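Notes follow once the structure below has been shown.
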Amino acid sequence: MAGAGPIEELAARDAYLAEAEGNVLEVADGGLLLDRTVFYARGGGQPGDVGVISWDGGEAEIVDTIRREGRPFHVLADGATSPDPGTPVIGVIDWERRYRTMKTHTALHALSGVIFRDFGAKVTGGNMEPGEARMDFELDGITVEFGQQVERKLNDELTKGYPTEVIYMARDEALKDSDLIRTKVNLIPEWVSEIRVIDIVGLDRQADGGTHVASTLEVGRVRVVKTESKGKANKRMRIRLD
Ligand SMILES: [Zn+2]
């Protein structure tokens, strides 16, 4: 049977791919593994893709993609029929949802770049949904006015159209990069020898497995909708895309 080689995860190299052919590797526990997939598996604060997998004679709805034992696992909708192992399939993601997620993810990285550059504060956590996200910062205080100021700065930067690039770096090289150190590249497990980096060239640079838009212009306008304190040196900002 298939399953010997590594799974080809297309989203890591081409975020703009919405569909791809593959073969079913395994079916288990309400989901399946493909040898080649366009679906992004939930991770790094980015939600997993949803969509449809179709084959000769059938189709099944995928309601989530998660990482199980290091591999992207496509979760089938309740009651969906699964194709058998070995079946060639076409996977299509809900592109509108994914693209909105990509814009949101890039907005978050731009936000962390602005906050660090102008206020010297590091990120302590974050999470996102398509079009909405929150991020926590090591700031002493936070006010509504601060949120408004950050919103202006963030939108000014986004409209400058910084290109975003995916770079792969050797681990020892990444551990010497000050931007990557700031974003805790050292926490990546030691067995990972090649680090994937998202570089919003000139604004922010961090190790990341997610999908991003090619230019900050694609993000559109972002609003800071809420600022709140989550404790000492942990201040939260919620953003929403227009
Ligand atoms: Zn990220």
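In the structure tokens, chains take letters A, B, ... by order of appearance, with residues numbered from 1 within each chain and ligands from 1 in the order shown.
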
ask   = Neighbours of stretch 196-201 of chain A within 6 Å (only C-alpha atoms; same-chain residues fewer than 5 positions away dropped), as JSON, numbers by chain?
value = {"A": [163, 164, 165, 166, 167, 168, 206, 207, 208]}

Considering only C-alpha atoms and all ligand atoms, give me a table of residues in chain A that are at most 9 Å from ligand 1, with the closest atom pair and distance in Å for each, as a tab-separated table.
```
residue	atom	partner	partner_atom_place_in_ligand_line	distance
A:Gly44	CA	ligand 1	1 (Zn)	6.0
A:Gly45	CA	ligand 1	1 (Zn)	6.9
A:Gln46	CA	ligand 1	1 (Zn)	7.3
A:His105	CA	ligand 1	1 (Zn)	6.0
A:Thr106	CA	ligand 1	1 (Zn)	7.4
A:Leu108	CA	ligand 1	1 (Zn)	7.2
A:His109	CA	ligand 1	1 (Zn)	6.2
A:Gly126	CA	ligand 1	1 (Zn)	8.8
A:Ile198	CA	ligand 1	1 (Zn)	7.9
A:Gln206	CA	ligand 1	1 (Zn)	7.5
A:Ala207	CA	ligand 1	1 (Zn)	7.6
A:Asp208	CA	ligand 1	1 (Zn)	5.1
A:Gly209	CA	ligand 1	1 (Zn)	6.9
A:Gly210	CA	ligand 1	1 (Zn)	5.8
A:Thr211	CA	ligand 1	1 (Zn)	8.1
A:His212	CA	ligand 1	1 (Zn)	8.5
```

Export all heavy atoms of the chosen residues as a compact mmCIF listing (two decimals), in the first residue's frame?
```txt
# COMPACT_ATOMS: atom_id res chain seq x y z
N GLY A 44 -0.51 26.68 14.79
CA GLY A 44 0.05 28.02 14.90
C GLY A 44 -1.01 29.10 14.98
O GLY A 44 -0.80 30.21 14.50
N GLY A 45 -2.17 28.76 15.56
CA GLY A 45 -3.26 29.73 15.70
C GLY A 45 -4.16 29.83 14.48
O GLY A 45 -5.19 30.49 14.53
N GLN A 46 -3.77 29.19 13.39
CA GLN A 46 -4.59 29.24 12.17
C GLN A 46 -5.53 28.03 12.10
O GLN A 46 -5.08 26.89 12.26
CB GLN A 46 -3.69 29.28 10.93
CG GLN A 46 -4.50 29.37 9.63
CD GLN A 46 -3.65 29.50 8.37
OE1 GLN A 46 -2.54 30.04 8.40
NE2 GLN A 46 -4.18 29.01 7.25
N HIS A 105 -4.27 36.27 8.99
CA HIS A 105 -2.99 35.82 9.51
C HIS A 105 -1.88 36.85 9.20
O HIS A 105 -1.08 37.21 10.07
CB HIS A 105 -2.65 34.44 8.93
CG HIS A 105 -1.65 33.69 9.76
ND1 HIS A 105 -1.47 32.33 9.66
CD2 HIS A 105 -0.76 34.11 10.70
CE1 HIS A 105 -0.52 31.96 10.51
NE2 HIS A 105 -0.07 33.02 11.14
N THR A 106 -1.88 37.35 7.98
CA THR A 106 -0.88 38.36 7.60
C THR A 106 -1.09 39.64 8.42
O THR A 106 -0.13 40.29 8.84
CB THR A 106 -0.95 38.64 6.09
OG1 THR A 106 -0.73 37.41 5.39
CG2 THR A 106 0.11 39.65 5.66
N LEU A 108 -2.16 39.84 11.44
CA LEU A 108 -1.62 39.58 12.78
C LEU A 108 -0.09 39.74 12.81
O LEU A 108 0.46 40.31 13.75
CB LEU A 108 -1.99 38.18 13.26
CG LEU A 108 -3.33 37.98 13.94
CD1 LEU A 108 -3.45 36.56 14.44
CD2 LEU A 108 -3.52 38.96 15.10
N HIS A 109 0.57 39.21 11.79
CA HIS A 109 2.02 39.34 11.75
C HIS A 109 2.42 40.81 11.59
O HIS A 109 3.38 41.27 12.22
CB HIS A 109 2.62 38.52 10.61
CG HIS A 109 2.70 37.06 10.91
ND1 HIS A 109 3.70 36.25 10.42
CD2 HIS A 109 1.90 36.25 11.64
CE1 HIS A 109 3.52 35.00 10.84
NE2 HIS A 109 2.42 34.98 11.58
N GLY A 126 -1.88 34.32 20.78
CA GLY A 126 -2.80 34.82 19.75
C GLY A 126 -3.64 33.70 19.18
O GLY A 126 -3.32 32.52 19.37
N ILE A 198 8.07 33.24 7.68
CA ILE A 198 7.26 34.19 6.90
C ILE A 198 7.89 35.56 7.09
O ILE A 198 7.97 36.08 8.20
CB ILE A 198 5.79 34.21 7.38
CG1 ILE A 198 5.11 32.87 7.14
CG2 ILE A 198 5.02 35.34 6.66
CD1 ILE A 198 4.98 32.46 5.68
N GLN A 206 8.98 36.01 11.12
CA GLN A 206 8.87 35.01 12.18
C GLN A 206 8.71 33.60 11.62
O GLN A 206 8.21 33.41 10.52
CB GLN A 206 7.75 35.35 13.15
CG GLN A 206 6.41 35.69 12.54
CD GLN A 206 5.42 36.16 13.61
OE1 GLN A 206 5.00 35.38 14.45
NE2 GLN A 206 5.05 37.42 13.58
N ALA A 207 9.14 32.64 12.43
CA ALA A 207 8.96 31.24 12.07
C ALA A 207 7.48 30.94 12.13
O ALA A 207 6.80 31.32 13.08
CB ALA A 207 9.73 30.36 13.06
N ASP A 208 6.95 30.29 11.10
CA ASP A 208 5.50 30.13 11.00
C ASP A 208 5.16 29.07 9.98
O ASP A 208 5.79 28.97 8.94
CB ASP A 208 4.91 31.49 10.56
CG ASP A 208 3.40 31.50 10.57
OD1 ASP A 208 2.84 31.67 11.65
OD2 ASP A 208 2.79 31.31 9.50
N GLY A 209 4.13 28.29 10.29
CA GLY A 209 3.72 27.24 9.35
C GLY A 209 2.51 27.62 8.53
O GLY A 209 2.03 26.83 7.72
N GLY A 210 1.97 28.83 8.74
CA GLY A 210 0.67 29.19 8.17
C GLY A 210 0.69 29.68 6.73
O GLY A 210 1.72 29.72 6.08
N THR A 211 -0.51 30.04 6.26
CA THR A 211 -0.66 30.56 4.90
C THR A 211 -0.91 32.06 4.95
O THR A 211 -1.66 32.55 5.80
CB THR A 211 -1.83 29.86 4.16
OG1 THR A 211 -3.04 30.06 4.89
CG2 THR A 211 -1.58 28.37 4.03
N HIS A 212 -0.27 32.79 4.04
CA HIS A 212 -0.32 34.25 4.03
C HIS A 212 -0.59 34.80 2.64
O HIS A 212 -0.28 34.14 1.65
CB HIS A 212 1.01 34.80 4.55
CG HIS A 212 1.21 34.55 6.01
ND1 HIS A 212 0.96 35.50 6.97
CD2 HIS A 212 1.59 33.43 6.68
CE1 HIS A 212 1.19 34.98 8.16
NE2 HIS A 212 1.57 33.72 8.01
```

query = Pick from A:Val89, A:Ala233, A:Ala15, A:Val50: nearest to A:Lys122, with only C-alpha atoms counted?
reply =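 Closest residue, counting only C-alpha atoms: A:Ala233.
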
query = For A:Glu8, which residue among A:Gly30, A:Gly22, A:Gly120, A:Gly79 is the nearest when counting only C-alpha atoms?
reply =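 Under the stated criterion, the closest residue is A:Gly22.
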
remark   = What separates atom CA of A:Thr183 and atom CA of A:His74 is a distance of 29.5 Å

request  = Would you mind telling me which residue in A:Val27, A:Pro88, A:Val123, A:Ile7 lies nearest to A:Asp136 when using only C-alpha atoms?
outcome  =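 Closest residue, counting only C-alpha atoms: A:Val123.
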
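Reported to one decimal place, the separation of atom CA of A:Tyr16 from atom CA of A:Ser54 is 20.0 Å.
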
query = What gap, in Å, lies between atom CA of A:Pro72 and atom CA of A:Ala110?
reply =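 Spanning atom CA of A:Pro72 to atom CA of A:Ala110 is a straight-line distance of 27.1 Å.
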
query = So, counting only C-alpha atoms, which residue among A:Asp172, A:Ala60, A:Leu33, A:Lys184 is closest to A:Thr124?
reply =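 Among the listed residues, A:Lys184 lies closest to A:Thr124.
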